[in-house]
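Okay, so here's the structure we're looking at.
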Amino acid sequence: MLGWCLALVLGLSGWCAVALVAAPPAWAAELQVSEVRLEPCPASDAGAQPLQARPSGAACYALRGVVINPGRRTVVDTDLFALVLDASDEPVLPNRSRLGSIGDVPPGSSTFALRLAIPAGTPGPFQVRLVKARGFTAPVRTRPGGDDELLPLEQALAG
């Protein structure tokens, strides 16, 4: 019985070693963010809905900036984290520090834009603080296909 258990444990540990070699871990990478600004979405953007149509809704804002990848490899599945404050230094998006994904970031400087829905009637001007971007050295999410459509804000950056 002891021999069978030992063989099972050794067999499973060998399988685990093969699995680890076949799929190397994805390490996290923190990137630098600069030139961050929050501005209303362009009127032509699909997310810019008039406040008259939904007075209790939300206003569309675009968070734009530059992300800097100092490494030699592309950082993938990058998320942007920040704290958005209103005129009285209260959080605009409480309990939400992850604002969204900015995708893959090649080495060097790249621009980004994220669409944010800020509750209508929130007093401005807005401040953006504690901005961070974190990604990985290997994909951790399902990759989009070639036929996936980009949002208007993403199209403006890609084109």
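Following the order of the structure tokens, first chain is A, next is B, and so on, with residues numbered from 1 inside each chain and ligands from 1 in the order they appear.
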
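By chain and then residue number, the residues within 10 Å of Ser88 in chain A are Thr122, Pro123, Gly124, Pro125 and Phe126 of chain A, counting only C-alpha atoms and disregarding those fewer than 6 positions away in sequence.
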
Selected residues, C-alpha atoms, written as a PDB file, in the first residue's frame, please.
ATOM      1  CA  THR A 122     -21.344  65.376  -9.783  1.00  0.00           C
ATOM      2  CA  PRO A 123     -19.630  68.708  -9.102  1.00  0.00           C
ATOM      3  CA  GLY A 124     -16.449  69.322 -11.063  1.00  0.00           C
ATOM      4  CA  PRO A 125     -13.673  70.006 -11.694  1.00  0.00           C
ATOM      5  CA  PHE A 126     -12.440  66.443 -11.285  1.00  0.00           C
TER       6      PHE A 126
END

Residues of range 71-156 of chain A in alpha helix (DSSP H) according to DSSP, as a ChimeraX atom specification? /A:152-156

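The coordinates place CA of Thr74 in chain A at 18.3 Å from CA of Gly100 in chain A.
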
Residues within 9 Å of Ala82 in chain A, only C-alpha atoms, excluding chain neighbours under 6 positions, as a ChimeraX atom specification: /A:96-99,128-133

Keeping C-alpha atoms for every residue in the selection just given, could you write it to a file as an mmCIF file, in the first residue's frame?
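Saved as again.cif:
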data_model
loop_
_atom_site.group_PDB
_atom_site.id
_atom_site.type_symbol
_atom_site.label_atom_id
_atom_site.label_comp_id
_atom_site.auth_asym_id
_atom_site.auth_seq_id
_atom_site.Cartn_x
_atom_site.Cartn_y
_atom_site.Cartn_z
ATOM 1 C CA ARG A 96 -13.754 51.205 -7.677
ATOM 2 C CA SER A 97 -10.032 51.672 -8.139
ATOM 3 C CA ARG A 98 -9.723 49.581 -11.318
ATOM 4 C CA LEU A 99 -11.028 51.839 -14.071
ATOM 5 C CA VAL A 128 -7.343 62.031 -10.907
ATOM 6 C CA ARG A 129 -4.898 60.705 -8.320
ATOM 7 C CA LEU A 130 -2.881 57.579 -7.549
ATOM 8 C CA VAL A 131 -2.773 56.482 -11.188
ATOM 9 C CA LYS A 132 -1.133 53.094 -11.809
ATOM 10 C CA ALA A 133 -0.972 50.671 -14.699
#

Write out as a PDB file with C-alpha atoms, in the first residue's frame all residues of range 20-136 of chain A that backbone DSSP assigns to strand (DSSP E).
ATOM      1  CA  ALA A  28       3.086  41.182 -13.102  1.00  0.00           C
ATOM      2  CA  ALA A  29       4.670  44.393 -14.368  1.00  0.00           C
ATOM      3  CA  GLU A  30       3.977  47.909 -13.121  1.00  0.00           C
ATOM      4  CA  LEU A  31       4.172  50.708 -15.689  1.00  0.00           C
ATOM      5  CA  GLN A  32       4.588  54.471 -15.398  1.00  0.00           C
ATOM      6  CA  VAL A  33       1.636  56.737 -16.227  1.00  0.00           C
ATOM      7  CA  SER A  34       1.862  60.442 -17.097  1.00  0.00           C
ATOM      8  CA  GLU A  35      -0.060  63.314 -18.710  1.00  0.00           C
ATOM      9  CA  VAL A  36      -3.359  62.057 -17.266  1.00  0.00           C
ATOM     10  CA  ARG A  37      -6.418  64.182 -18.004  1.00  0.00           C
ATOM     11  CA  LEU A  38     -10.162  63.676 -17.672  1.00  0.00           C
ATOM     12  CA  GLU A  39     -12.290  65.395 -20.291  1.00  0.00           C
ATOM     13  CA  PRO A  40     -15.868  65.092 -21.564  1.00  0.00           C
ATOM     14  CA  ALA A  58     -24.379  59.496 -16.094  1.00  0.00           C
ATOM     15  CA  ALA A  59     -22.109  61.761 -18.086  1.00  0.00           C
ATOM     16  CA  CYS A  60     -19.469  60.310 -20.397  1.00  0.00           C
ATOM     17  CA  TYR A  61     -15.852  61.256 -19.721  1.00  0.00           C
ATOM     18  CA  ALA A  62     -12.643  60.099 -21.382  1.00  0.00           C
ATOM     19  CA  LEU A  63      -9.608  59.460 -19.200  1.00  0.00           C
ATOM     20  CA  ARG A  64      -6.564  59.946 -21.428  1.00  0.00           C
ATOM     21  CA  GLY A  65      -2.848  59.827 -20.848  1.00  0.00           C
ATOM     22  CA  VAL A  66       0.484  58.245 -21.648  1.00  0.00           C
ATOM     23  CA  VAL A  67       1.706  54.912 -20.311  1.00  0.00           C
ATOM     24  CA  ILE A  68       5.433  54.162 -20.348  1.00  0.00           C
ATOM     25  CA  ASN A  69       6.805  50.639 -20.616  1.00  0.00           C
ATOM     26  CA  VAL A  75       3.208  44.078 -21.304  1.00  0.00           C
ATOM     27  CA  VAL A  76      -0.147  42.409 -21.973  1.00  0.00           C
ATOM     28  CA  ASP A  77      -3.613  42.603 -20.392  1.00  0.00           C
ATOM     29  CA  THR A  78      -2.770  45.925 -18.733  1.00  0.00           C
ATOM     30  CA  ASP A  79      -5.274  47.412 -16.280  1.00  0.00           C
ATOM     31  CA  LEU A  80      -5.444  51.050 -15.204  1.00  0.00           C
ATOM     32  CA  PHE A  81      -6.089  51.956 -11.568  1.00  0.00           C
ATOM     33  CA  ALA A  82      -6.844  55.457 -10.246  1.00  0.00           C
ATOM     34  CA  LEU A  83      -8.861  57.493  -7.783  1.00  0.00           C
ATOM     35  CA  VAL A  84     -11.210  60.072  -9.346  1.00  0.00           C
ATOM     36  CA  LEU A  85     -12.282  62.884  -7.010  1.00  0.00           C
ATOM     37  CA  ARG A  98      -9.723  49.581 -11.318  1.00  0.00           C
ATOM     38  CA  LEU A  99     -11.028  51.839 -14.071  1.00  0.00           C
ATOM     39  CA  GLY A 100     -10.542  49.444 -16.982  1.00  0.00           C
ATOM     40  CA  SER A 101      -8.199  47.660 -19.330  1.00  0.00           C
ATOM     41  CA  ILE A 102      -5.865  49.474 -21.707  1.00  0.00           C
ATOM     42  CA  GLY A 103      -4.794  46.246 -23.447  1.00  0.00           C
ATOM     43  CA  ASP A 104      -1.231  45.529 -24.543  1.00  0.00           C
ATOM     44  CA  VAL A 105       1.529  48.101 -24.020  1.00  0.00           C
ATOM     45  CA  GLY A 108       8.256  52.847 -24.952  1.00  0.00           C
ATOM     46  CA  SER A 109       5.485  55.436 -24.631  1.00  0.00           C
ATOM     47  CA  SER A 110       1.896  54.757 -25.698  1.00  0.00           C
ATOM     48  CA  THR A 111      -1.283  56.795 -25.424  1.00  0.00           C
ATOM     49  CA  PHE A 112      -4.430  55.371 -23.858  1.00  0.00           C
ATOM     50  CA  ALA A 113      -8.066  56.369 -23.432  1.00  0.00           C
ATOM     51  CA  LEU A 114     -10.777  54.893 -21.238  1.00  0.00           C
ATOM     52  CA  ARG A 115     -14.448  55.839 -21.238  1.00  0.00           C
ATOM     53  CA  LEU A 116     -15.837  56.506 -17.732  1.00  0.00           C
ATOM     54  CA  ALA A 117     -19.461  57.019 -16.729  1.00  0.00           C
ATOM     55  CA  ILE A 118     -19.566  59.689 -14.022  1.00  0.00           C
ATOM     56  CA  PRO A 119     -22.889  60.207 -12.217  1.00  0.00           C
ATOM     57  CA  GLN A 127      -9.038  65.308 -10.074  1.00  0.00           C
ATOM     58  CA  VAL A 128      -7.343  62.031 -10.907  1.00  0.00           C
ATOM     59  CA  ARG A 129      -4.898  60.705  -8.320  1.00  0.00           C
ATOM     60  CA  LEU A 130      -2.881  57.579  -7.549  1.00  0.00           C
ATOM     61  CA  VAL A 131      -2.773  56.482 -11.188  1.00  0.00           C
ATOM     62  CA  LYS A 132      -1.133  53.094 -11.809  1.00  0.00           C
ATOM     63  CA  ALA A 133      -0.972  50.671 -14.699  1.00  0.00           C
ATOM     64  CA  ARG A 134      -0.285  46.979 -14.161  1.00  0.00           C
ATOM     65  CA  GLY A 135      -0.011  44.205 -16.700  1.00  0.00           C
ATOM     66  CA  PHE A 136       1.600  40.834 -17.258  1.00  0.00           C
TER      67      PHE A 136
END

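The interatomic distance for the pair CA of Pro91 in chain A and CA of Cys41 in chain A works out to 19.9 Å.
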
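Here CA of Ala138 in chain A and CA of Pro70 in chain A stand 16.5 Å from one another.
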